[in-house]
$ cat my_file-v4.tsv   # TSV, C-alpha atoms
chain	number	residue	atom	x	y	z
G	1	MET	CA	8.29	112.08	-24.93
G	2	GLY	CA	10.93	109.48	-24.33
G	3	LEU	CA	10.09	105.81	-24.03
G	4	ALA	CA	11.59	103.89	-21.14
G	5	GLY	CA	12.93	100.56	-22.24
G	6	LEU	CA	13.08	101.63	-25.89
G	7	GLU	CA	15.86	104.13	-25.36
G	8	GLY	CA	18.38	101.28	-25.44
G	9	LEU	CA	17.18	99.96	-28.81
G	10	ASP	CA	18.50	100.96	-32.21
G	11	ARG	CA	16.33	101.75	-35.24
G	12	THR	CA	15.75	98.05	-36.02
G	13	GLY	CA	15.03	97.01	-32.44
G	14	GLN	CA	18.49	95.74	-31.48
G	15	ARG	CA	19.82	96.76	-28.08
G	16	ARG	CA	22.64	99.26	-28.46
G	17	PRO	CA	25.91	98.73	-26.61
G	18	GLY	CA	25.47	100.23	-23.18
G	19	GLY	CA	21.82	100.94	-23.88
G	20	GLY	CA	20.21	99.60	-20.74
G	21	GLU	CA	16.97	100.42	-19.06
G	22	ALA	CA	16.15	104.06	-18.50
G	23	ALA	CA	13.43	106.04	-16.81
G	24	SER	CA	11.24	108.15	-19.04
G	25	ALA	CA	9.19	111.26	-18.71
G	26	HIS	CA	6.09	109.20	-18.29
G	27	HIS	CA	7.37	106.19	-16.40
G	28	PRO	CA	9.25	106.44	-13.12
G	29	GLY	CA	10.59	102.89	-13.04
G	30	ALA	CA	12.59	100.62	-15.29
G	31	LEU	CA	11.02	98.29	-17.83
G	32	VAL	CA	12.03	94.80	-18.83
G	33	ASP	CA	13.86	94.51	-22.12
G	34	ALA	CA	11.70	94.34	-25.24
G	35	PRO	CA	11.43	90.73	-26.42
G	36	VAL	CA	12.39	91.66	-29.98
G	37	ALA	CA	14.34	89.32	-32.25
G	38	ALA	CA	16.50	91.85	-34.09
G	39	ARG	CA	18.67	91.17	-37.09
G	40	ASP	CA	22.44	91.40	-36.88
G	41	ARG	CA	23.50	94.99	-37.55
G	42	ALA	CA	27.04	94.77	-36.24
G	43	ASP	CA	28.50	96.23	-39.42
G	44	ARG	CA	26.50	99.44	-39.11
G	45	ALA	CA	28.23	102.25	-37.24
G	46	ARG	CA	25.09	104.40	-37.24
G	47	PRO	CA	21.82	104.64	-39.18
G	48	ALA	CA	21.88	105.29	-42.90
G	49	GLY	CA	22.13	108.95	-43.78
G	50	PRO	CA	19.57	110.86	-45.80
G	51	ASP	CA	21.20	109.55	-49.00
G	52	GLY	CA	20.82	105.94	-47.82
G	53	ARG	CA	24.50	105.49	-46.94
G	54	THR	CA	26.19	104.80	-43.62
G	55	GLY	CA	29.64	105.32	-42.26
G	56	GLY	CA	30.38	101.64	-41.70
G	57	GLY	CA	27.64	99.59	-43.30
G	58	ARG	CA	25.26	99.98	-46.20
G	59	GLY	CA	21.80	101.50	-46.42
G	60	LEU	CA	19.05	100.64	-48.89
G	61	GLY	CA	19.62	102.01	-52.36
G	62	PRO	CA	16.95	103.10	-54.84
G	63	VAL	CA	16.75	99.68	-56.53
G	64	GLU	CA	16.34	97.88	-53.21
G	65	GLU	CA	13.72	100.38	-52.13
G	66	ARG	CA	11.72	99.73	-55.31
G	67	GLU	CA	12.02	95.97	-54.77
G	68	LEU	CA	10.67	96.41	-51.25
G	69	GLY	CA	7.79	98.50	-52.53
G	70	LEU	CA	8.92	101.68	-50.80
G	71	VAL	CA	8.58	104.04	-53.74
G	72	GLY	CA	6.18	104.52	-56.61
G	73	HIS	CA	3.19	102.97	-54.86
G	74	GLY	CA	-0.15	104.55	-54.14
G	75	VAL	CA	-1.82	104.53	-50.75
G	76	MET	CA	-4.17	101.71	-49.85
G	77	VAL	CA	-7.22	103.33	-48.28
G	78	ALA	CA	-10.24	101.89	-46.57
G	79	PRO	CA	-13.63	102.16	-48.33
G	80	GLY	CA	-15.08	105.62	-47.86
G	81	CYS	CA	-11.76	107.11	-46.72
G	82	ASN	CA	-11.11	110.73	-47.61
G	83	THR	CA	-8.33	110.68	-50.21
G	84	SER	CA	-7.82	114.43	-50.58
G	85	PRO	CA	-4.26	115.64	-49.85
G	86	VAL	CA	-3.26	116.06	-46.21
G	87	ASP	CA	-2.31	119.70	-45.60
G	88	ARG	CA	0.12	119.00	-42.73
G	89	TYR	CA	2.25	115.91	-42.18
G	90	GLY	CA	4.91	115.88	-39.49
G	91	ILE	CA	7.45	113.71	-37.76
G	92	THR	CA	9.06	113.66	-34.33
G	93	VAL	CA	12.66	114.82	-34.05
G	94	PRO	CA	15.47	114.53	-33.20
G	95	PHE	CA	16.10	111.05	-34.59
G	96	ASP	CA	17.64	108.45	-32.31
G	97	ASP	CA	21.29	107.58	-32.97
G	98	VAL	CA	21.76	110.56	-35.30
G	99	PRO	CA	23.98	113.33	-33.85
G	100	LEU	CA	22.32	116.73	-33.77
G	101	SER	CA	25.14	118.08	-35.91
G	102	GLU	CA	23.97	115.79	-38.73
G	103	HIS	CA	20.29	116.70	-38.51
G	104	PRO	CA	20.28	119.62	-41.00
G	105	ALA	CA	20.79	117.19	-43.89
G	106	TRP	CA	17.95	115.05	-42.58
G	107	TYR	CA	15.67	118.09	-42.32
G	108	ARG	CA	16.33	118.98	-45.94
G	109	ARG	CA	15.58	115.40	-46.93
G	110	LEU	CA	12.31	115.46	-44.99
G	111	ALA	CA	11.23	118.60	-46.83
G	112	SER	CA	12.09	117.05	-50.19
G	113	LEU	CA	9.95	114.01	-49.33
G	114	GLY	CA	6.91	116.18	-48.58
G	115	TYR	CA	6.97	116.30	-44.79
G	116	THR	CA	5.70	119.72	-43.73
G	117	ASP	CA	6.37	119.67	-39.97
G	118	VAL	CA	8.94	118.64	-37.40
G	119	TRP	CA	7.98	118.48	-33.72
G	120	THR	CA	10.00	117.89	-30.58
G	121	GLY	CA	9.25	116.60	-27.12
G	122	GLU	CA	11.27	117.17	-23.99
G	123	SER	CA	12.12	114.69	-21.25
G	124	ASN	CA	15.73	113.65	-20.61
G	125	GLY	CA	17.21	113.84	-24.11
G	126	ALA	CA	17.58	116.89	-26.32
G	127	ASP	CA	15.77	120.00	-25.16
G	128	GLY	CA	12.65	121.00	-27.05
G	129	PHE	CA	14.03	124.09	-28.81
G	130	THR	CA	17.56	123.38	-30.11
G	131	PRO	CA	16.59	120.74	-32.71
G	132	LEU	CA	13.95	123.15	-34.03
G	133	ALA	CA	16.49	125.96	-34.32
G	134	LEU	CA	18.59	123.67	-36.53
G	135	ALA	CA	15.52	122.89	-38.64
G	136	ALA	CA	14.63	126.58	-38.95
G	137	VAL	CA	17.90	127.37	-40.70
G	138	ALA	CA	18.23	124.06	-42.56
G	139	ASP	CA	14.99	124.53	-44.50
G	140	GLU	CA	12.90	127.67	-44.86
G	141	GLY	CA	9.63	125.83	-45.45
G	142	LEU	CA	9.37	123.36	-42.58
G	143	ARG	CA	6.90	124.18	-39.82
G	144	LEU	CA	8.21	123.69	-36.31
G	145	GLY	CA	6.59	122.85	-33.02
G	146	THR	CA	7.14	121.67	-29.47
G	147	ALA	CA	4.97	118.76	-28.40
G	148	VAL	CA	5.55	119.54	-25.69
G	149	VAL	CA	7.69	121.51	-23.24
G	150	PRO	CA	6.71	121.55	-19.55
G	151	VAL	CA	5.24	124.66	-17.94
G	152	TYR	CA	7.16	124.03	-14.69
G	153	THR	CA	10.79	123.58	-15.73
G	154	ARG	CA	11.27	127.11	-17.07
G	155	GLY	CA	10.12	130.30	-15.44
G	156	PRO	CA	7.29	132.05	-17.30
G	157	GLY	CA	9.62	134.76	-18.58
G	158	LEU	CA	12.24	132.33	-19.89
G	159	LEU	CA	9.57	130.24	-21.61
G	160	ALA	CA	8.27	133.37	-23.34
G	161	MET	CA	11.81	134.35	-24.35
G	162	GLN	CA	12.54	130.97	-25.92
G	163	ALA	CA	9.23	130.96	-27.77
G	164	ALA	CA	9.84	134.50	-29.02
G	165	THR	CA	13.35	133.57	-30.17
G	166	MET	CA	12.01	130.64	-32.22
G	167	ALA	CA	9.23	132.83	-33.64
G	168	GLU	CA	11.82	135.41	-34.74
G	169	LEU	CA	14.03	132.70	-36.25
G	170	ALA	CA	11.17	131.08	-38.16
G	171	PRO	CA	8.47	133.75	-38.68
G	172	GLY	CA	5.05	132.21	-39.06
G	173	ARG	CA	6.43	128.68	-38.87
G	174	PHE	CA	6.73	127.99	-35.14
G	175	ALA	CA	4.09	126.76	-32.69
G	176	LEU	CA	4.59	126.44	-28.94
G	177	GLY	CA	3.07	123.36	-27.37
G	178	VAL	CA	3.07	123.34	-23.55
G	179	GLY	CA	1.88	120.84	-21.00
G	180	SER	CA	2.03	119.84	-17.37
G	181	SER	CA	4.52	117.01	-17.99
G	182	SER	CA	4.85	114.60	-15.03
G	183	ASP	CA	5.97	114.46	-11.44
G	184	VAL	CA	9.04	112.49	-12.59
G	185	ILE	CA	10.38	115.30	-14.77
G	186	VAL	CA	9.15	118.18	-12.65
G	187	GLU	CA	9.83	116.96	-9.10
G	188	ARG	CA	12.39	114.18	-9.34
G	189	TRP	CA	14.53	115.61	-12.12
G	190	ASN	CA	14.02	119.35	-11.75
G	191	ALA	CA	13.39	119.80	-8.02
G	192	THR	CA	10.14	121.70	-8.55
G	193	PRO	CA	6.82	120.91	-6.81
G	194	PHE	CA	4.30	119.39	-9.21
G	195	ASP	CA	1.33	121.27	-7.80
G	196	ASP	CA	-2.04	122.05	-9.38
G	197	PRO	CA	-1.14	121.13	-12.98
G	198	TYR	CA	-4.45	122.23	-14.54
G	199	ARG	CA	-4.26	125.76	-13.16
G	200	ARG	CA	-0.50	126.01	-13.82
G	201	VAL	CA	-1.07	125.20	-17.50
G	202	ARG	CA	-4.01	127.61	-17.67
G	203	ASP	CA	-2.05	130.42	-16.03
G	204	THR	CA	0.95	129.84	-18.27
G	205	VAL	CA	-1.20	130.02	-21.39
G	206	ARG	CA	-2.74	133.29	-20.18
G	207	PHE	CA	0.69	134.74	-19.42
G	208	LEU	CA	2.09	133.68	-22.80
G	209	ARG	CA	-0.86	135.15	-24.66
G	210	SER	CA	-0.02	138.55	-23.18
G	211	ALA	CA	3.77	138.34	-23.11
G	212	LEU	CA	4.24	137.15	-26.70
G	213	THR	CA	2.44	140.24	-28.02
G	214	GLY	CA	5.04	142.46	-26.35
G	215	GLN	CA	2.74	143.64	-23.58
G	216	LYS	CA	4.15	144.40	-20.16
G	217	VAL	CA	2.93	141.71	-17.75
G	218	ASP	CA	2.43	142.63	-14.12
G	219	GLU	CA	0.00	140.17	-12.64
G	220	ALA	CA	-0.58	137.68	-9.85
G	221	TYR	CA	-1.95	134.45	-11.31
G	222	ALA	CA	-3.32	131.64	-9.20
G	223	THR	CA	-0.13	129.57	-9.41
G	224	PHE	CA	2.63	132.16	-9.93
G	225	GLU	CA	3.25	135.89	-10.00
G	226	VAL	CA	5.00	137.95	-12.68
G	227	ARG	CA	5.94	141.55	-11.98
G	228	GLY	CA	6.97	143.99	-14.71
G	229	PHE	CA	8.04	141.55	-17.42
G	230	ARG	CA	8.23	142.67	-21.03
G	231	LEU	CA	9.96	140.96	-23.93
G	232	ALA	CA	12.80	143.06	-25.32
G	233	ARG	CA	12.44	141.28	-28.69
G	234	PRO	CA	8.74	140.53	-29.15
G	235	PRO	CA	8.07	138.54	-32.33
G	236	ALA	CA	6.42	140.35	-35.20
G	237	GLN	CA	4.03	137.40	-35.41
G	238	PRO	CA	3.28	135.81	-32.03
G	239	PRO	CA	3.33	132.01	-32.30
G	240	PRO	CA	0.21	129.96	-31.66
G	241	VAL	CA	0.08	128.21	-28.29
G	242	TYR	CA	-1.20	124.65	-27.98
G	243	VAL	CA	-1.98	122.68	-24.82
G	244	ALA	CA	-1.12	119.02	-24.28
G	245	ALA	CA	-4.35	117.42	-23.16
G	246	LEU	CA	-5.89	114.05	-22.39
G	247	ARG	CA	-9.20	114.25	-20.57
G	248	PRO	CA	-12.11	116.71	-20.85
G	249	GLY	CA	-10.87	119.43	-18.48
G	250	MET	CA	-7.56	120.04	-20.23
G	251	LEU	CA	-9.05	119.38	-23.68
G	252	ARG	CA	-11.67	122.06	-23.07
G	253	LEU	CA	-8.98	124.42	-21.79
G	254	ALA	CA	-7.08	123.87	-25.04
G	255	GLY	CA	-10.19	124.71	-27.02
G	256	ARG	CA	-11.21	127.66	-24.87
G	257	GLU	CA	-7.94	129.51	-24.18
G	258	ALA	CA	-5.30	128.13	-26.56
G	259	ASP	CA	-5.01	127.75	-30.31
G	260	GLY	CA	-5.38	124.00	-30.16
G	261	ALA	CA	-4.50	120.74	-28.46
G	262	VAL	CA	-1.64	118.27	-28.57
G	263	ILE	CA	-2.80	114.68	-28.08
G	264	ASN	CA	-1.17	111.26	-28.08
G	265	TRP	CA	-1.60	107.62	-27.15
G	266	LEU	CA	-5.00	107.17	-28.70
G	267	SER	CA	-6.48	105.24	-31.59
G	268	ALA	CA	-7.79	106.74	-34.80
G	269	ASP	CA	-11.33	106.05	-33.59
G	270	ASP	CA	-10.61	107.75	-30.22
G	271	VAL	CA	-9.88	111.00	-32.04
G	272	ARG	CA	-13.59	111.69	-32.55
G	273	THR	CA	-14.17	111.56	-28.78
G	274	VAL	CA	-11.22	113.83	-28.03
G	275	ALA	CA	-11.87	116.32	-30.83
G	276	ALA	CA	-15.44	116.84	-29.63
G	277	GLU	CA	-14.11	118.10	-26.28
G	278	VAL	CA	-11.68	120.55	-27.94
G	279	GLY	CA	-14.40	121.99	-30.12
G	280	PRO	CA	-14.42	123.32	-33.69
G	281	GLY	CA	-11.93	125.61	-35.36
G	282	LYS	CA	-8.85	124.53	-33.40
G	283	GLU	CA	-5.67	122.75	-34.44
G	284	ILE	CA	-5.35	119.20	-33.15
G	285	VAL	CA	-1.77	117.94	-33.23
G	286	ALA	CA	-1.50	114.18	-32.70
G	287	ARG	CA	1.65	112.25	-31.99
G	288	ILE	CA	1.08	108.88	-33.67
G	289	PHE	CA	3.37	105.97	-32.84
G	290	VAL	CA	4.40	104.11	-36.00
G	291	CYS	CA	6.35	100.84	-36.27
G	292	PRO	CA	6.99	100.12	-39.96
G	293	THR	CA	7.22	96.34	-40.14
G	294	THR	CA	5.18	93.64	-41.81
G	295	ASP	CA	5.88	91.30	-38.88
G	296	PRO	CA	2.93	91.87	-36.55
G	297	GLU	CA	4.54	89.99	-33.65
G	298	ARG	CA	7.60	92.20	-33.82
G	299	ALA	CA	5.43	95.32	-33.89
G	300	ARG	CA	3.38	94.07	-30.95
G	301	ALA	CA	6.48	93.24	-28.92
G	302	VAL	CA	7.87	96.75	-29.40
G	303	GLY	CA	4.42	98.24	-28.92
G	304	ARG	CA	3.81	96.44	-25.62
G	305	VAL	CA	6.96	97.95	-24.13
G	306	ALA	CA	5.90	101.42	-25.24
G	307	ILE	CA	2.35	100.96	-23.98
G	308	ALA	CA	3.54	99.71	-20.58
G	309	ALA	CA	5.88	102.71	-20.30
G	310	TYR	CA	3.02	105.16	-20.66
G	311	LEU	CA	-0.28	103.59	-19.75
G	312	ASN	CA	0.80	102.56	-16.25
G	313	VAL	CA	1.23	106.24	-15.42
G	314	ALA	CA	-1.84	107.51	-13.56
G	315	VAL	CA	-2.83	110.25	-16.01
G	316	TYR	CA	-2.66	107.90	-18.99
G	317	ALA	CA	-4.47	105.14	-17.11
G	318	ALA	CA	-7.27	107.59	-16.33
G	319	PHE	CA	-7.31	108.71	-19.97
G	320	HIS	CA	-7.88	105.19	-21.22
G	321	GLN	CA	-10.46	104.48	-18.58
G	322	TRP	CA	-12.31	107.56	-19.85
G	323	LEU	CA	-11.99	106.27	-23.41
G	324	GLY	CA	-13.56	102.97	-22.31
G	325	ARG	CA	-10.44	100.81	-22.56
G	326	GLY	CA	-10.28	100.05	-18.82
G	327	PRO	CA	-11.53	96.44	-19.02
G	328	GLN	CA	-8.92	95.60	-21.65
G	329	LEU	CA	-6.08	97.09	-19.59
G	330	GLU	CA	-7.04	96.06	-16.06
G	331	ALA	CA	-4.94	92.87	-16.18
G	332	MET	CA	-1.87	94.89	-17.20
G	333	TRP	CA	-2.45	97.44	-14.45
G	334	SER	CA	-2.96	94.71	-11.84
G	335	ALA	CA	0.23	92.87	-12.79
G	336	TRP	CA	2.20	96.13	-12.83
G	337	ARG	CA	0.97	97.13	-9.38
G	338	GLY	CA	2.08	93.72	-8.14
G	339	GLY	CA	5.60	94.19	-9.50
G	340	ASP	CA	5.19	91.64	-12.31
G	341	ARG	CA	6.61	93.56	-15.25
G	342	LYS	CA	6.77	90.66	-17.68
G	343	GLY	CA	3.27	89.63	-16.71
G	344	ALA	CA	2.08	93.15	-17.35
G	345	LEU	CA	3.54	93.12	-20.87
G	346	GLY	CA	1.93	89.77	-21.59
G	347	ALA	CA	-1.44	90.99	-20.37
G	348	ILE	CA	-1.74	93.71	-23.02
G	349	PRO	CA	-4.21	92.41	-25.63
G	350	ASP	CA	-3.21	92.36	-29.29
G	351	GLU	CA	-6.23	94.48	-30.16
G	352	VAL	CA	-5.02	97.26	-27.85
G	353	VAL	CA	-1.58	97.26	-29.45
G	354	ASP	CA	-3.08	97.23	-32.93
G	355	ALA	CA	-5.31	100.19	-32.04
G	356	LEU	CA	-2.58	102.35	-30.48
G	357	ILE	CA	0.47	101.42	-32.57
G	358	VAL	CA	0.35	101.94	-36.33
G	359	HIS	CA	2.20	99.06	-37.96
G	360	GLY	CA	2.45	97.18	-41.24
G	361	SER	CA	3.95	98.03	-44.61
G	362	PRO	CA	4.74	101.70	-45.24
G	363	ASP	CA	1.65	102.01	-47.46
G	364	ALA	CA	-0.55	100.43	-44.80
G	365	CYS	CA	0.91	102.75	-42.14
G	366	VAL	CA	0.25	105.85	-44.25
G	367	ALA	CA	-3.34	104.73	-44.82
G	368	HIS	CA	-3.79	104.15	-41.06
G	369	VAL	CA	-2.40	107.61	-40.27
G	370	ARG	CA	-4.92	109.02	-42.73
G	371	ARG	CA	-7.73	107.67	-40.53
G	372	TYR	CA	-6.56	109.97	-37.72
G	373	VAL	CA	-6.88	112.93	-40.09
G	374	ASP	CA	-10.31	111.83	-41.27
G	375	ASN	CA	-11.48	111.77	-37.64
G	376	GLY	CA	-10.32	115.27	-36.73
G	377	VAL	CA	-6.52	115.50	-36.45
G	378	THR	CA	-5.19	118.52	-38.33
G	379	VAL	CA	-1.46	117.85	-37.85
G	380	PRO	CA	-0.45	114.16	-37.71
G	381	VAL	CA	3.05	113.80	-36.26
G	382	LEU	CA	4.66	110.41	-36.71
G	383	ALA	CA	6.81	109.06	-33.87
G	384	LEU	CA	8.95	106.21	-35.17
G	385	LEU	CA	9.32	103.00	-33.19
G	386	PRO	CA	11.97	100.41	-34.14
G	387	GLY	CA	10.80	98.49	-37.19
G	388	ASP	CA	12.47	96.57	-40.01
G	389	LEU	CA	13.80	99.48	-42.03
G	390	GLU	CA	16.81	101.74	-41.90
G	391	LEU	CA	15.85	105.30	-41.01
G	392	ALA	CA	16.29	106.65	-44.54
G	393	ALA	CA	14.09	103.93	-46.03
G	394	ALA	CA	11.47	104.33	-43.30
G	395	LEU	CA	11.21	108.07	-43.87
G	396	GLU	CA	10.82	107.59	-47.61
G	397	GLY	CA	8.30	104.80	-47.23
G	398	LEU	CA	6.20	106.75	-44.71
G	399	ALA	CA	6.32	110.04	-46.61
G	400	PRO	CA	3.00	111.74	-47.40
G	401	ARG	CA	1.30	110.75	-50.63
G	402	SER	CA	-0.09	113.28	-53.07

$ encode --input "my_file-v4.tsv" --output "structure tokens"
Amino acid sequence: MGLAGLEGLDRTGQRRPGGGEAASAHHPGALVDAPVAARDRADRARPAGPDGRTGGGRGLGPVEERELGLVGHGVMVAPGCNTSPVDRYGITVPFDDVPLSEHPAWYRRLASLGYTDVWTGESNGADGFTPLALAAVADEGLRLGTAVVPVYTRGPGLLAMQAATMAELAPGRFALGVGSSSDVIVERWNATPFDDPYRRVRDTVRFLRSALTGQKVDEAYATFEVRGFRLARPPAQPPPVYVAALRPGMLRLAGREADGAVINWLSADDVRTVAAEVGPGKEIVARIFVCPTTDPERARAVGRVAIAAYLNVAVYAAFHQWLGRGPQLEAMWSAWRGGDRKGALGAIPDEVVDALIVHGSPDACVAHVRRYVDNGVTVPVLALLPGDLELAAALEGLAPRS
């Protein structure tokens, strides 16, 4: 789930050399640059490694981290908040500006910090499966998931093969999240008609349910036909299948025919509305955008760019209208339709950013994420936005609390 306009920013919000505007999976046009006042990081060749060191500059050491309050602190929780341990606690990978070849060390560090899950998206960066394969062999305890891969850009058989391969590589630890994606990825980038997304997702889930058990599939579905397909290496334990969903139709499909739902771009309070549509007894994986900074204006500047990248897309606009946020976002939508990108950013109210973007100190962010869990999320998956901290310090500060 790439973010247009943020792809050119480094971990602290500074624009990388050559990192201009880019289209994303959810936004077909370019965005204006984020109005973020970043600190000078010219001496840093790349983000600090899992040990807090960099190749050219210097990361935060243990003493500095204690001085900043990043370790040894309990979670601040709201009155009445459930303080029992969170069973699952994930993060989005791969990390920006970190080569894939260096990720195994980061995965081991995540596990040592108490993260249980790593989840990938898929747009125009790394594919959804390769980073998870690295994680599978780097640490034998991490749970792995795609959130999500499109149902259009691979044939049904290939999608089943890749899911089965991951399930064999990480038995009992892999979950396949699928979704319709967008017309940008499907049509413009992959030359495939973006037709009837609800039924295509439904049909794909039905096919996968059969194929991943090793059954021979010979069936004409509403949106595609598969004749005589059988996995040569069916997994001993078929992976669960989750559906990316926003509004009631797809949410109910996730609850009715899949093992759960993948949700994103919603507030902690919105989770109750969404979870009610999925129904009881299902996993609810939520990608939660987190900007660890105590400067609210910085967080809101970064957050506005991210919000504009997504919520001007028709499906996300309809989602937030359904959630009741239409009146707050109408000015942004109107400016965007008129070609006024800067005006659209400025029209996003602070309260919308504060609801959709988790920001503040690491302790405050962890407490805010906990509200998502209290309201029905079973697997919170952090998605880091550029804040004040080096990657190593951010991961330690945002780690789950016991």

$ atom_distance --input "my_file-v4.tsv" --atom1 "CA of Arg188 in chain G" --atom2 "CA of Val151 in chain G"
15.3 Å

$ closest_residue --input "my_file-v4.tsv" --among "G:Arg370, G:Arg209, G:Lys342, G:His103" --to "Val271 in chain G" --atoms "all atoms listed in the file"
G:Arg370

$ closest_residue --input "my_file-v4.tsv" --among "G:Thr92, G:Ser181, G:Gln328, G:Asn124" --to "Thr146 in chain G" --atoms "all atoms listed in the file"
G:Thr92

$ atom_distance --input "my_file-v4.tsv" --atom1 "CA of Gly303 in chain G" --atom2 "CA of Ala383 in chain G"
12.1 Å

$ closest_residue --input "my_file-v4.tsv" --among "G:Pro380, G:Gly172, G:Gly255, G:Pro50" --to "Trp106 in chain G" --atoms "all atoms listed in the file"
G:Pro50

$ closest_residue --input "my_file-v4.tsv" --among "G:Pro292, G:Pro239, G:Gly279, G:Pro193" --to "Ile357 in chain G" --atoms "all atoms listed in the file"
G:Pro292

$ closest_residue --input "my_file-v4.tsv" --among "G:Glu140, G:Glu187, G:Asp195, G:Asp388" --to "Pro171 in chain G" --atoms "only C-alpha atoms"
G:Glu140

$ atom_distance --input "my_file-v4.tsv" --atom1 "CA of Met161 in chain G" --atom2 "CA of Arg227 in chain G"
15.5 Å

$ residues_around --input "my_file-v4.tsv" --residues "range 129-136 of chain G" --least-positions-apart "5" --cutoff "8 Å" --atoms "only C-alpha atoms" --output "PDB file with C-alpha atoms, in the frame of the given file"
ATOM      1  CA  VAL G  93      12.660 114.820 -34.050  1.00  0.00           C
ATOM      2  CA  PRO G  94      15.470 114.530 -33.200  1.00  0.00           C
ATOM      3  CA  LEU G 100      22.320 116.730 -33.770  1.00  0.00           C
ATOM      4  CA  HIS G 103      20.290 116.700 -38.510  1.00  0.00           C
ATOM      5  CA  PRO G 104      20.280 119.620 -41.000  1.00  0.00           C
ATOM      6  CA  TYR G 107      15.670 118.090 -42.320  1.00  0.00           C
ATOM      7  CA  VAL G 118       8.940 118.640 -37.400  1.00  0.00           C
ATOM      8  CA  TRP G 119       7.980 118.480 -33.720  1.00  0.00           C
ATOM      9  CA  THR G 120      10.000 117.890 -30.580  1.00  0.00           C
ATOM     10  CA  LEU G 142       9.370 123.360 -42.580  1.00  0.00           C
ATOM     11  CA  LEU G 144       8.210 123.690 -36.310  1.00  0.00           C
ATOM     12  CA  GLY G 145       6.590 122.850 -33.020  1.00  0.00           C
ATOM     13  CA  THR G 146       7.140 121.670 -29.470  1.00  0.00           C
ATOM     14  CA  GLN G 162      12.540 130.970 -25.920  1.00  0.00           C
ATOM     15  CA  MET G 166      12.010 130.640 -32.220  1.00  0.00           C
ATOM     16  CA  LEU G 169      14.030 132.700 -36.250  1.00  0.00           C
ATOM     17  CA  ALA G 170      11.170 131.080 -38.160  1.00  0.00           C
TER      18      ALA G 170
END
